[in-house]
Amino acid sequence: MPKALAALVTIIALGVGAYLLFTNRPADTGTLATSTPTQTMGIATTTVSEEADLYKIDVAYPHFGVAEIDASIDTAIQADIAQFKGEAVAIDYLPTAKYEMIGQFDTTTISDQVVSARLVVSRYTGGAHPNATVVGLNFNPKTRIAYSMDDALALIGMDLQQLSGEAKRQLNLDAGDWIQFPEGADPTRENYATYVIGEREVIFYFQQYQVAPYAAGILDISVPRK
């Protein structure tokens, strides 16, 4: 995962079909970080659209109408975009196709305890296919700070060892034939760094190649909140 978004995941702690999903993103509201003003909590689509000789960027991500939360999200997205652009312009050959970065968000929650969304970013950098990364955006609307992994574990009443056991049970039940890298569900903080907090559950995501081959897409498990 790129460093900028990995940092956001730590702090706030699929595959052609997935790529096609990204092309059905929410309608653009502008270019280069424009958003619909809001006075109360809600969802506004913020977009970054840019195209140059070597790359194309079209990313839609959420604003929740809370200045501090929106600023945190802006900072991480802009840093990740800057990194992607730097990688594109640094190549010393003429690519057969432009590098492409496409993003979409969904699975949003707005309540008095949590505002959250799942952001999926697909990057094509000259390989056989694009690669997708899930990022969980999870904030406490009262404190206006991000929920940590420890917060997420407290919400489900589990430690990493218990979560790992439940994850392997669900993965084997739902996608057993796909699981090739079971160590990707071992009880480490890195393995469970991507999650989205909902009103009744916490969904943990396993990135492409983390527990299964590319064709399996991004797998997830759902754990009820206590």
# chains A, B, ... in the order shown; residues from 1 in each chain; ligands from 1
$ residues_around --residues "stretch 170-183 of chain A" --least-positions-apart "6" --cutoff "7 Å" --atoms "only C-alpha atoms" --output "MDAnalysis selection string"
chainID A and resid 210:212 216 221
$ closest_atom_pairs --of "stretch 72-97 of chain A" --to "stretch 112-126 of chain A" --cutoff "9 Å" --atoms "only C-alpha atoms" --output "CSV"
residue,atom,partner,partner_atom,distance
A:Phe84,CA,A:Arg123,CA,8.6
A:Glu87,CA,A:Thr125,CA,8.9
A:Ala88,CA,A:Thr125,CA,7.8
A:Pro95,CA,A:Gly126,CA,7.0
A:Thr96,CA,A:Gly126,CA,7.7
A:Ala97,CA,A:Gly126,CA,7.0
$ atom_distance --atom1 "atom CA of A:Ala71" --atom2 "atom CA of A:Glu190"
24.9 Å
$ atom_distance --atom1 "atom CA of A:Tyr147" --atom2 "atom CA of A:Ile197"
8.8 Å
$ closest_residue --among "A:Phe139, A:Thr133, A:Glu201, A:Gly65" --to "A:Asp80" --atoms "only C-alpha atoms"
A:Thr133
$ atom_distance --atom1 "atom CA of A:Gly86" --atom2 "atom CA of A:Tyr99"
11.1 Å
$ select_by_dssp --residues "stretch 37-154 of chain A" --states "strand (DSSP E)" --output "NGL selection string"
:A and (44-51 or 55-63 or 99-110 or 115-124 or 131-140 or 145-146)
$ write_last_selection --atoms "C-alpha atoms" --output "PDB file, in the first residue's frame"
ATOM      1  CA  ALA A  44     -20.312  15.213  -0.393  1.00  0.00           C
ATOM      2  CA  THR A  45     -18.286  13.845  -3.286  1.00  0.00           C
ATOM      3  CA  THR A  46     -14.892  15.455  -3.701  1.00  0.00           C
ATOM      4  CA  THR A  47     -13.101  14.809  -6.982  1.00  0.00           C
ATOM      5  CA  VAL A  48      -9.611  15.094  -8.362  1.00  0.00           C
ATOM      6  CA  SER A  49      -9.416  14.827 -12.153  1.00  0.00           C
ATOM      7  CA  GLU A  50      -6.214  15.390 -14.099  1.00  0.00           C
ATOM      8  CA  GLU A  51      -4.648  14.058 -17.291  1.00  0.00           C
ATOM      9  CA  TYR A  55      -0.898   9.592 -16.525  1.00  0.00           C
ATOM     10  CA  LYS A  56      -4.588  10.023 -15.852  1.00  0.00           C
ATOM     11  CA  ILE A  57      -6.143  10.597 -12.444  1.00  0.00           C
ATOM     12  CA  ASP A  58      -9.844  10.416 -11.611  1.00  0.00           C
ATOM     13  CA  VAL A  59     -10.463   9.998  -7.907  1.00  0.00           C
ATOM     14  CA  ALA A  60     -13.722  10.545  -6.041  1.00  0.00           C
ATOM     15  CA  TYR A  61     -13.596  10.537  -2.264  1.00  0.00           C
ATOM     16  CA  PRO A  62     -15.883  11.665   0.565  1.00  0.00           C
ATOM     17  CA  HIS A  63     -16.245  14.787   2.606  1.00  0.00           C
ATOM     18  CA  TYR A  99      -0.557   5.182 -15.860  1.00  0.00           C
ATOM     19  CA  GLU A 100      -4.032   5.465 -14.386  1.00  0.00           C
ATOM     20  CA  MET A 101      -5.334   6.097 -10.896  1.00  0.00           C
ATOM     21  CA  ILE A 102      -9.085   5.727 -10.357  1.00  0.00           C
ATOM     22  CA  GLY A 103     -10.865   5.956  -7.036  1.00  0.00           C
ATOM     23  CA  GLN A 104     -14.375   5.493  -5.677  1.00  0.00           C
ATOM     24  CA  PHE A 105     -15.909   5.364  -2.248  1.00  0.00           C
ATOM     25  CA  ASP A 106     -18.923   3.491  -0.868  1.00  0.00           C
ATOM     26  CA  THR A 107     -20.167   1.699   2.257  1.00  0.00           C
ATOM     27  CA  THR A 108     -20.638   4.960   4.103  1.00  0.00           C
ATOM     28  CA  THR A 109     -21.977   5.408   7.621  1.00  0.00           C
ATOM     29  CA  ILE A 110     -22.998   8.586   9.394  1.00  0.00           C
ATOM     30  CA  VAL A 115     -18.605   8.600  10.220  1.00  0.00           C
ATOM     31  CA  SER A 116     -16.935   6.153   7.884  1.00  0.00           C
ATOM     32  CA  ALA A 117     -16.474   5.123   4.266  1.00  0.00           C
ATOM     33  CA  ARG A 118     -14.678   2.532   2.199  1.00  0.00           C
ATOM     34  CA  LEU A 119     -12.368   4.073  -0.388  1.00  0.00           C
ATOM     35  CA  VAL A 120     -11.126   1.845  -3.228  1.00  0.00           C
ATOM     36  CA  VAL A 121      -8.262   3.094  -5.375  1.00  0.00           C
ATOM     37  CA  SER A 122      -7.239   1.264  -8.555  1.00  0.00           C
ATOM     38  CA  ARG A 123      -3.796   1.895 -10.006  1.00  0.00           C
ATOM     39  CA  TYR A 124      -2.554   0.804 -13.409  1.00  0.00           C
ATOM     40  CA  ASN A 131      -4.293  -3.264  -8.768  1.00  0.00           C
ATOM     41  CA  ALA A 132      -6.858  -2.123  -6.237  1.00  0.00           C
ATOM     42  CA  THR A 133      -6.327  -1.024  -2.671  1.00  0.00           C
ATOM     43  CA  VAL A 134      -8.994  -0.552  -0.009  1.00  0.00           C
ATOM     44  CA  VAL A 135      -8.653   2.176   2.585  1.00  0.00           C
ATOM     45  CA  GLY A 136     -10.964   2.556   5.554  1.00  0.00           C
ATOM     46  CA  LEU A 137     -11.881   6.070   6.619  1.00  0.00           C
ATOM     47  CA  ASN A 138     -13.191   6.010  10.185  1.00  0.00           C
ATOM     48  CA  PHE A 139     -13.737   9.023  12.430  1.00  0.00           C
ATOM     49  CA  ASN A 140     -15.399   9.902  15.699  1.00  0.00           C
ATOM     50  CA  ILE A 145     -10.312  12.361  15.304  1.00  0.00           C
ATOM     51  CA  ALA A 146      -9.714   9.024  13.620  1.00  0.00           C
TER      52      ALA A 146
END
$ residues_around --residues "A:Phe206" --least-positions-apart "4" --cutoff "6 Å" --atoms "only C-alpha atoms" --output "list in words"
Gln210, Ile218, Leu219 and Asp220 of chain A
$ write_last_selection --atoms "C-alpha atoms" --output "PDB file, in the first residue's frame"
ATOM      1  CA  GLN A 210      -2.879 -10.839   0.991  1.00  0.00           C
ATOM      2  CA  ILE A 218     -10.386  -8.188  -2.155  1.00  0.00           C
ATOM      3  CA  LEU A 219     -11.880 -10.399   0.535  1.00  0.00           C
ATOM      4  CA  ASP A 220     -13.453  -9.267   3.783  1.00  0.00           C
TER       5      ASP A 220
END
$ closest_residue --among "A:Leu54, A:Met158, A:Ile43, A:Ile69" --to "A:Leu94" --atoms "only C-alpha atoms"
A:Leu54
$ closest_residue --among "A:Gly198, A:Pro141, A:Gly127, A:Pro213" --to "A:Gly42" --atoms "only C-alpha atoms"
A:Pro141
$ closest_residue --among "A:Ala215, A:Pro130, A:Ala79, A:Arg225" --to "A:Asp151" --atoms "only C-alpha atoms"
A:Arg225
$ select_by_dssp --residues "stretch 83-210 of chain A" --states "alpha helix (DSSP H)" --output "number ranges by chain"
A: 83-89, 149-156, 160-175
$ write_last_selection --atoms "C-alpha atoms" --output "CSV table (one decimal), in the first residue's frame"
chain,number,residue,atom,x,y,z
A,83,GLN,CA,3.3,10.1,-5.0
A,84,PHE,CA,1.5,8.4,-8.0
A,85,LYS,CA,2.3,11.3,-10.3
A,86,GLY,CA,5.9,11.3,-9.2
A,87,GLU,CA,6.1,7.6,-10.1
A,88,ALA,CA,4.5,8.1,-13.5
A,89,VAL,CA,6.8,11.0,-14.6
A,149,MET,CA,-7.1,-0.1,15.4
A,150,ASP,CA,-7.3,-0.5,19.1
A,151,ASP,CA,-10.6,1.3,19.0
A,152,ALA,CA,-11.9,-1.1,16.4
A,153,LEU,CA,-10.8,-4.1,18.4
A,154,ALA,CA,-12.5,-2.7,21.5
A,155,LEU,CA,-15.7,-2.2,19.5
A,156,ILE,CA,-15.8,-5.9,18.6
A,160,LEU,CA,-5.8,-9.8,17.5
A,161,GLN,CA,-5.5,-13.5,18.3
A,162,GLN,CA,-9.3,-13.8,18.6
A,163,LEU,CA,-9.9,-11.7,15.5
A,164,SER,CA,-7.4,-13.9,13.5
A,165,GLY,CA,-9.3,-17.0,14.6
A,166,GLU,CA,-12.6,-15.6,13.5
A,167,ALA,CA,-11.2,-14.3,10.3
A,168,LYS,CA,-9.7,-17.6,9.3
A,169,ARG,CA,-13.0,-19.3,10.1
A,170,GLN,CA,-15.0,-16.9,7.9
A,171,LEU,CA,-12.5,-16.9,5.1
A,172,ASN,CA,-12.4,-20.7,5.0
A,173,LEU,CA,-16.2,-20.9,5.0
A,174,ASP,CA,-16.8,-18.2,2.4
A,175,ALA,CA,-13.7,-18.5,0.1
$ closest_residue --among "A:Gln208, A:Thr143, A:Gly184, A:Ala193" --to "A:Glu68" --atoms "only C-alpha atoms"
A:Thr143
